[in-house]
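Visitor: Can you keep this structure in mind? I'll have questions shortly.
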Amino acid sequence: MGLQGYEHEGGSLIFDGEDITQLSITERARKGITLAWQEPARFEGLKVRDYLAIGAKAHGGITEEELRDALRKVDLKPEKYLNREVGEALSGGERKRIELASIITMKPKLAILDEPDSGIDVVSLKEIVSLIHALKENGSSVLVITHREEIAAASDKASLMCEGAILRSGDPLEISEFFKNRCIPCDNRISPPEAV
Amino acid sequence: MDQRTLNVISSEIEDINAAYTAAGGDAAVLHKHELASLVISGNKVLNASGTEGIILEKHETEYGVDIKMTIKKGYKIPLPVHLCFGLIPKDGLQEIKMNFVAEEDSAVELIAHCTFPNAVKVIHKMDAQMLIGKNASLKYTETHFHGPHGGIQVIPKAHIKIEEGGSYYTNFSLVSGRVGYLEFDYSVDAGKDSICEMVTKVYGKKDDKIKILEKISLNGENARSVIKSRLAITDNAESEFRGITEGRAPRARGHVDCMEVIQGNAKAEAIPIVRVDNPLAKVTHEAAIGCVDKKEVETLMARGLEEDDAIDIIVKGMLA
């Protein structure tokens with residue numbers, strides 16, 4: 001995403017046929033890429049409705065019903081949350097859901113979700129899976145970083161990363177099985193990994 | 001009163017209405033008969049309307065107005081009382097002396113707008129003595145607008161005494177236009193079972209100077225307080241915050257919370273001071289000074305905002 005602290009060492013990032021390696025976060029976002037953080041930021045004084053509207057500016061704004069619909073999709077009651085602050089008073093789980101709602105309102109071409117299941121109870125994993133499907137149906141590609149089998153199973157394709165390199169790609173179920181059988185018992189991390 | 005005098009007063013009212021609006025107020029409320037209000041321009045009282053339960057005395061002095069406002073015992077004033085203090089010319093001195101009493105079991109909300117839209121060389125001083133009686137409540141919101149020039153000194157000083165079971169909430173805001181020089185000095189003596197919350201929000205720019213001193217002495221058993229300060233400074237502005245809370249009685253609880261965001265060449269100092277001389281009292285504090293949180297900025301940039309716009313939204317949220 002071009003975040004501070006991550007240096008470009010080699011290779012290129014190609015998105016929609018365009019080299020975006022040197023683009024800033026803002027420029028990448030305007031190309032249609034966005035990111036939901038594992039631990040979302042809190043914003044003192046910023047109302048949920050204003051936060052959700054920020055990403056929709058590029059599409060000419062957002063209606064009240066679209067705001068409400070985005071909150072419903074992450075299982076939050078709009079009347080209870082729209083006018084609350086995205087601040088300390090929200091729990092980690094609530095904050096996480098609002099972060100995901102902000103991805104919905106942005107309608108990105110590519111949504112990178114960094115552990116969308118962290119901080120959310122197991123019962124709610126189905127909702128995260130539904131949300132991923134909803135984003136897909138809405139025209140977004142979704143790149144999910146996860147440690148949970150249930151989330152991986154909702155994907156069309158999975159890749160296994162080890163020590164910064166992609167070790168294996170393919171069917172999510174097959175990758176999950178490989179991870180359980182080979183990676184969990186493994187205590188020999190090597191970089192770069194040997195071909196498997 | 002001759003026609004010429006009437007015209008002058010009418011013109012001042014129009015000017016102060018415009019200034020009140022610039023400060024974020026709704027000027028219409030100053031002229032609604034069902035609402036209590038007080039409008040002072042320089043050393044002139046342009047409008048003073050009371051309501052049942054409020055005794056308002058005002059006396060014009062050489063450079064300002066002496067005010068005595070009393071909320072009578074047992075009266076809960078249903079609608080906010082609107083105050084407007086202003087000075088339209090680009091130079092001058094305004095001194096306001098306020099003696100406020102909320103008698104036992106009374107309650108009122110005061111909304112004050114202090115507006116100096118053309119200030120180039122203006123001094124505004126306020127000296128207030130406030131008494132919140134037994135089980136009485138005062139909510140006091142004060143919003144300032146000093147115009148774009150920064151040529152103003154604002155020196156508000158207040159002492160507030162809260163009696164048993166009383167509550168005092170104050171919110172001082174100076175976030176639009178320039179600050180100029182601000183020297184804010186409020187002290188509170190809080191009695192048994194009282195509650196005190198003091199919030200200040202200031203945005204300093206260019207060579208603005210901000211000094212904030214807030215002191216709460218929790219003298220009564222079970223008295224509780226919060227001092228919350230939110231400052232943003234940029235360019236060459238400087239700020240100095242001192243938040244003092246003293247826990248002097250059993251089960252007194254106090255907290256000091258200061259957050260300052262700095263940008264450019266601005267300089268900030270925050271000194272939370274906690275003093276406790278009763279072993280059953282507890283006072284805590286937190287203070288943070290720094291740039292805008294990187295993750296907050298990057299999150300908004302990842303939604304398509306430029307970095308400067310992201311910082312602007314974050315700072316405005318903090319000061320909202």
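A note on labels: chains of the structure tokens are A, B, ... as shown, every chain counts residues from 1, and ligands are counted from 1 in their shown order.
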If you run DSSP on the backbone here, which positions in stretch 70-282 of chain B get strand (DSSP E or B)? Please write them as a ChimeraX atom specification.
Guide: /B:70-71,76,81-86,91-102,107-115,121-132,137-145,152-162,167-176,181-190,195-204,209-218,224-233,238-247,253-262,267-276,282
Visitor: Using C-alpha atoms, can you write the selected residues to a file as a short mmCIF file (atom, residue, chain, number, x, y, z; two decimals), in the first residue's frame?
Guide:
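again.cif, freshly written:
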data_model
loop_
_atom_site.label_atom_id
_atom_site.label_comp_id
_atom_site.auth_asym_id
_atom_site.auth_seq_id
_atom_site.Cartn_x
_atom_site.Cartn_y
_atom_site.Cartn_z
CA THR B 70 -27.85 35.01 39.87
CA ILE B 71 -29.85 31.88 39.18
CA LYS B 76 -33.87 24.96 36.47
CA VAL B 81 -28.73 31.58 28.22
CA HIS B 82 -26.78 33.18 25.37
CA LEU B 83 -23.97 35.62 26.03
CA CYS B 84 -22.01 37.63 23.49
CA PHE B 85 -18.92 39.64 24.35
CA GLY B 86 -17.24 41.47 21.51
CA ASP B 91 -8.01 48.24 18.58
CA GLY B 92 -9.28 48.72 22.09
CA LEU B 93 -9.61 47.29 25.57
CA GLN B 94 -12.51 45.34 26.99
CA GLU B 95 -12.68 44.35 30.64
CA ILE B 96 -15.52 42.12 31.78
CA LYS B 97 -16.09 41.42 35.44
CA MET B 98 -18.51 38.62 36.09
CA ASN B 99 -20.01 37.62 39.39
CA PHE B 100 -22.08 34.50 38.87
CA VAL B 101 -24.10 32.68 41.48
CA ALA B 102 -26.14 29.51 40.94
CA ALA B 107 -29.43 24.63 37.00
CA VAL B 108 -28.47 26.63 33.95
CA GLU B 109 -26.51 26.38 30.74
CA LEU B 110 -24.59 29.43 29.54
CA ILE B 111 -23.40 29.62 25.95
CA ALA B 112 -20.92 32.44 25.42
CA HIS B 113 -19.42 33.66 22.17
CA CYS B 114 -16.50 36.06 22.43
CA THR B 115 -15.81 37.69 19.11
CA LYS B 121 -4.43 45.59 18.77
CA VAL B 122 -7.10 44.47 21.18
CA ILE B 123 -6.99 43.39 24.81
CA HIS B 124 -9.88 41.40 26.27
CA LYS B 125 -9.79 40.64 29.97
CA MET B 126 -12.33 38.70 31.93
CA ASP B 127 -12.29 38.31 35.67
CA ALA B 128 -14.97 35.96 36.94
CA GLN B 129 -16.03 34.76 40.34
CA MET B 130 -18.48 31.90 40.19
CA LEU B 131 -20.32 30.14 42.93
CA ILE B 132 -22.14 26.88 42.24
CA SER B 137 -25.43 22.85 38.12
CA LEU B 138 -23.69 25.11 35.62
CA LYS B 139 -22.73 24.14 32.11
CA TYR B 140 -20.64 26.86 30.51
CA THR B 141 -19.54 26.78 26.88
CA GLU B 142 -17.30 29.56 25.65
CA THR B 143 -16.35 29.86 21.99
CA HIS B 144 -13.91 32.50 20.79
CA PHE B 145 -13.27 34.02 17.39
CA ILE B 152 -5.22 40.30 20.32
CA GLN B 153 -4.49 39.47 23.91
CA VAL B 154 -7.16 37.45 25.65
CA ILE B 155 -6.75 37.03 29.38
CA PRO B 156 -9.63 35.16 31.03
CA LYS B 157 -9.28 34.48 34.73
CA ALA B 158 -11.89 32.73 36.82
CA HIS B 159 -12.30 31.27 40.25
CA ILE B 160 -15.10 28.79 40.70
CA LYS B 161 -16.35 27.42 43.97
CA ILE B 162 -18.55 24.33 43.85
CA SER B 167 -21.60 20.29 39.20
CA TYR B 168 -19.64 22.50 36.86
CA TYR B 169 -18.87 21.69 33.22
CA THR B 170 -16.92 24.13 31.11
CA ASN B 171 -15.79 23.93 27.51
CA PHE B 172 -13.49 26.65 26.15
CA SER B 173 -12.92 26.58 22.41
CA LEU B 174 -10.70 28.75 20.21
CA VAL B 175 -10.15 26.85 17.00
CA SER B 176 -11.12 29.26 14.20
CA TYR B 181 -1.97 35.76 22.86
CA LEU B 182 -4.07 33.68 25.22
CA GLU B 183 -3.50 33.48 28.94
CA PHE B 184 -6.18 31.26 30.40
CA ASP B 185 -6.25 30.89 34.17
CA TYR B 186 -9.10 29.01 35.84
CA SER B 187 -9.07 27.60 39.34
CA VAL B 188 -11.74 25.53 41.04
CA ASP B 189 -12.45 24.64 44.65
CA ALA B 190 -14.61 21.53 44.62
CA ILE B 195 -18.30 17.14 39.92
CA CYS B 196 -16.06 19.34 37.79
CA GLU B 197 -15.12 18.88 34.17
CA MET B 198 -12.96 21.42 32.35
CA VAL B 199 -12.26 21.08 28.62
CA THR B 200 -10.10 23.45 26.58
CA LYS B 201 -9.57 23.21 22.84
CA VAL B 202 -7.25 25.65 21.08
CA TYR B 203 -5.66 25.76 17.62
CA GLY B 204 -2.60 28.02 17.42
CA LYS B 209 1.16 32.15 22.08
CA ILE B 210 -1.04 29.96 24.27
CA LYS B 211 -0.78 29.66 28.04
CA ILE B 212 -3.29 27.53 29.85
CA LEU B 213 -3.42 27.06 33.59
CA GLU B 214 -6.20 24.97 35.06
CA LYS B 215 -6.26 24.05 38.69
CA ILE B 216 -8.81 21.99 40.58
CA SER B 217 -8.62 21.44 44.32
CA LEU B 218 -10.74 18.47 45.33
CA ARG B 224 -14.53 14.20 41.22
CA SER B 225 -12.90 16.06 38.35
CA VAL B 226 -11.45 15.84 34.87
CA ILE B 227 -9.21 18.36 33.17
CA LYS B 228 -9.08 17.67 29.45
CA SER B 229 -6.98 19.75 27.13
CA ARG B 230 -6.68 19.41 23.37
CA LEU B 231 -4.22 21.73 21.66
CA ALA B 232 -3.00 21.83 18.09
CA ILE B 233 -0.22 24.21 17.12
CA GLU B 238 3.94 28.09 21.13
CA SER B 239 1.84 26.54 23.84
CA GLU B 240 2.25 25.93 27.53
CA PHE B 241 -0.25 23.84 29.45
CA ARG B 242 -0.38 23.32 33.19
CA GLY B 243 -3.12 21.17 34.59
CA ILE B 244 -3.09 20.85 38.34
CA THR B 245 -5.33 18.61 40.39
CA GLU B 246 -5.14 18.34 44.13
CA GLY B 247 -6.73 15.43 45.98
CA ARG B 253 -10.90 11.33 42.29
CA GLY B 254 -9.26 13.48 39.63
CA HIS B 255 -7.70 13.03 36.21
CA VAL B 256 -5.66 15.34 33.98
CA ASP B 257 -5.59 14.53 30.26
CA CYS B 258 -3.59 16.67 27.86
CA MET B 259 -3.01 15.92 24.20
CA GLU B 260 -1.11 18.28 21.94
CA VAL B 261 -0.44 17.93 18.24
CA ILE B 262 2.43 19.96 16.83
CA LYS B 267 6.80 24.34 20.38
CA ALA B 268 4.67 22.79 23.07
CA GLU B 269 5.07 22.13 26.76
CA ALA B 270 2.63 20.21 28.93
CA ILE B 271 2.97 19.91 32.67
CA PRO B 272 0.33 17.88 34.44
CA ILE B 273 0.73 18.26 38.19
CA VAL B 274 -0.99 15.98 40.69
CA ARG B 275 -0.86 16.63 44.40
CA VAL B 276 -2.47 14.35 46.94
CA LYS B 282 -6.49 9.35 43.91
#
Visitor: Pull out every residue of chain A that has at least one atom within 6 Å of chain B, counting only C-alpha atoms, and report them as a compact mmCIF listing (two decimals) with N, CA and C atoms, in the first residue's frame.
Guide:
# COMPACT_ATOMS: atom_id res chain seq x y z
N ILE A 25 0.49 6.40 -1.08
CA ILE A 25 -0.73 5.75 -0.59
C ILE A 25 -1.96 6.38 -1.25
N THR A 26 -1.98 7.71 -1.25
CA THR A 26 -3.13 8.44 -1.81
C THR A 26 -3.32 8.09 -3.28
N ALA A 29 -4.66 4.68 -3.62
CA ALA A 29 -6.08 4.65 -3.23
C ALA A 29 -6.94 5.19 -4.37
N ARG A 30 -6.44 6.23 -5.03
CA ARG A 30 -7.23 6.81 -6.14
C ARG A 30 -7.25 5.93 -7.38
N THR A 34 -7.24 -0.17 -1.61
CA THR A 34 -7.30 0.30 -0.22
C THR A 34 -6.95 -0.84 0.72
N ALA A 41 -7.05 2.26 13.27
CA ALA A 41 -6.79 3.50 14.02
C ALA A 41 -8.09 4.00 14.64
N GLU A 44 -10.35 10.49 17.37
CA GLU A 44 -11.09 11.26 18.36
C GLU A 44 -11.89 12.36 17.65
N GLY A 45 -13.16 12.44 17.96
CA GLY A 45 -13.98 13.54 17.44
C GLY A 45 -14.56 13.31 16.05
N LEU A 46 -14.10 12.27 15.34
CA LEU A 46 -14.60 12.02 13.98
C LEU A 46 -15.80 11.07 14.06
N GLY A 55 -14.16 7.80 2.01
CA GLY A 55 -13.78 6.97 0.88
C GLY A 55 -14.71 7.08 -0.31
Visitor: Applying 12 Å and only C-alpha atoms, which residues near A:Ser159 remain after dropping the ones on its own chain fewer than 2 positions away? List them as a list in words.
Guide: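 In the requested format, the answer is Leu143, Val144, Ile145, Thr146, His147, Ala152, Ala153, Ser155, Asp156, Lys157, Met161, Cys162, Gly164, Ala165, Ile166, Leu167, Arg168, Ser169, Gly170, Asp171, Pro172, Leu173, Glu174, Ile175, Ser176, Phe178 and Phe179 of chain A.
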Visitor: I need the residues from that last selection saved to file as an mmCIF file, in the first residue's frame (with N, CA and C atoms), if you can.
Guide:
data_model
loop_
_atom_site.group_PDB
_atom_site.id
_atom_site.type_symbol
_atom_site.label_atom_id
_atom_site.label_comp_id
_atom_site.auth_asym_id
_atom_site.auth_seq_id
_atom_site.Cartn_x
_atom_site.Cartn_y
_atom_site.Cartn_z
ATOM 1 N N LEU A 143 -8.034 -9.189 -1.347
ATOM 2 C CA LEU A 143 -6.824 -9.896 -0.933
ATOM 3 C C LEU A 143 -6.841 -9.951 0.592
ATOM 4 N N VAL A 144 -7.001 -11.170 1.130
ATOM 5 C CA VAL A 144 -7.155 -11.322 2.582
ATOM 6 C C VAL A 144 -5.896 -11.933 3.174
ATOM 7 N N ILE A 145 -5.403 -11.311 4.218
ATOM 8 C CA ILE A 145 -4.292 -11.897 4.978
ATOM 9 C C ILE A 145 -4.917 -12.513 6.221
ATOM 10 N N THR A 146 -4.736 -13.807 6.401
ATOM 11 C CA THR A 146 -5.436 -14.468 7.502
ATOM 12 C C THR A 146 -4.655 -15.665 8.029
ATOM 13 N N HIS A 147 -4.934 -16.012 9.276
ATOM 14 C CA HIS A 147 -4.429 -17.253 9.848
ATOM 15 C C HIS A 147 -5.569 -18.245 10.047
ATOM 16 N N ALA A 152 -9.874 -18.492 4.890
ATOM 17 C CA ALA A 152 -9.172 -18.936 3.679
ATOM 18 C C ALA A 152 -10.113 -19.734 2.776
ATOM 19 N N ALA A 153 -10.983 -20.536 3.421
ATOM 20 C CA ALA A 153 -11.898 -21.385 2.645
ATOM 21 C C ALA A 153 -12.881 -20.568 1.808
ATOM 22 N N SER A 155 -12.098 -18.134 0.012
ATOM 23 C CA SER A 155 -11.377 -17.490 -1.088
ATOM 24 C C SER A 155 -11.400 -18.358 -2.345
ATOM 25 N N ASP A 156 -11.139 -17.739 -3.480
ATOM 26 C CA ASP A 156 -11.050 -18.476 -4.737
ATOM 27 C C ASP A 156 -9.674 -19.116 -4.880
ATOM 28 N N LYS A 157 -8.684 -18.450 -4.279
ATOM 29 C CA LYS A 157 -7.315 -18.925 -4.423
ATOM 30 C C LYS A 157 -6.551 -18.532 -3.161
ATOM 31 N N MET A 161 2.547 -17.906 2.577
ATOM 32 C CA MET A 161 3.795 -17.142 2.685
ATOM 33 C C MET A 161 4.636 -17.679 3.824
ATOM 34 N N CYS A 162 5.933 -17.770 3.578
ATOM 35 C CA CYS A 162 6.861 -18.182 4.631
ATOM 36 C C CYS A 162 8.107 -17.315 4.519
ATOM 37 N N GLY A 164 8.587 -14.240 4.167
ATOM 38 C CA GLY A 164 8.562 -13.160 3.175
ATOM 39 C C GLY A 164 8.452 -13.610 1.735
ATOM 40 N N ALA A 165 8.322 -14.888 1.494
ATOM 41 C CA ALA A 165 8.206 -15.346 0.102
ATOM 42 C C ALA A 165 7.001 -16.268 -0.039
ATOM 43 N N ILE A 166 6.409 -16.267 -1.241
ATOM 44 C CA ILE A 166 5.270 -17.156 -1.467
ATOM 45 C C ILE A 166 5.793 -18.574 -1.697
ATOM 46 N N LEU A 167 5.322 -19.467 -0.817
ATOM 47 C CA LEU A 167 5.826 -20.838 -0.830
ATOM 48 C C LEU A 167 5.004 -21.718 -1.767
ATOM 49 N N ARG A 168 3.700 -21.417 -1.821
ATOM 50 C CA ARG A 168 2.808 -22.321 -2.553
ATOM 51 C C ARG A 168 1.501 -21.575 -2.839
ATOM 52 N N SER A 169 0.909 -21.783 -3.966
ATOM 53 C CA SER A 169 -0.389 -21.181 -4.295
ATOM 54 C C SER A 169 -1.313 -22.242 -4.870
ATOM 55 N N GLY A 170 -2.619 -22.022 -4.683
ATOM 56 C CA GLY A 170 -3.549 -22.982 -5.259
ATOM 57 C C GLY A 170 -4.895 -22.951 -4.590
ATOM 58 N N ASP A 171 -5.541 -24.117 -4.581
ATOM 59 C CA ASP A 171 -6.856 -24.240 -3.976
ATOM 60 C C ASP A 171 -6.759 -23.975 -2.456
ATOM 61 N N PRO A 172 -7.652 -23.151 -1.895
ATOM 62 C CA PRO A 172 -7.550 -22.802 -0.472
ATOM 63 C C PRO A 172 -7.562 -24.007 0.456
ATOM 64 N N LEU A 173 -8.361 -25.024 0.139
ATOM 65 C CA LEU A 173 -8.427 -26.190 1.018
ATOM 66 C C LEU A 173 -7.109 -26.967 1.000
ATOM 67 N N GLU A 174 -6.565 -27.059 -0.197
ATOM 68 C CA GLU A 174 -5.286 -27.777 -0.324
ATOM 69 C C GLU A 174 -4.180 -27.009 0.405
ATOM 70 N N ILE A 175 -4.193 -25.702 0.289
ATOM 71 C CA ILE A 175 -3.174 -24.877 0.973
ATOM 72 C C ILE A 175 -3.342 -24.982 2.479
ATOM 73 N N SER A 176 -4.583 -25.003 2.940
ATOM 74 C CA SER A 176 -4.840 -25.135 4.383
ATOM 75 C C SER A 176 -4.320 -26.463 4.907
ATOM 76 N N PHE A 178 -1.981 -28.294 3.600
ATOM 77 C CA PHE A 178 -0.521 -28.246 3.557
ATOM 78 C C PHE A 178 0.014 -27.497 4.785
ATOM 79 N N PHE A 179 -0.629 -26.377 5.096
ATOM 80 C CA PHE A 179 -0.194 -25.554 6.229
ATOM 81 C C PHE A 179 -0.271 -26.361 7.535
#
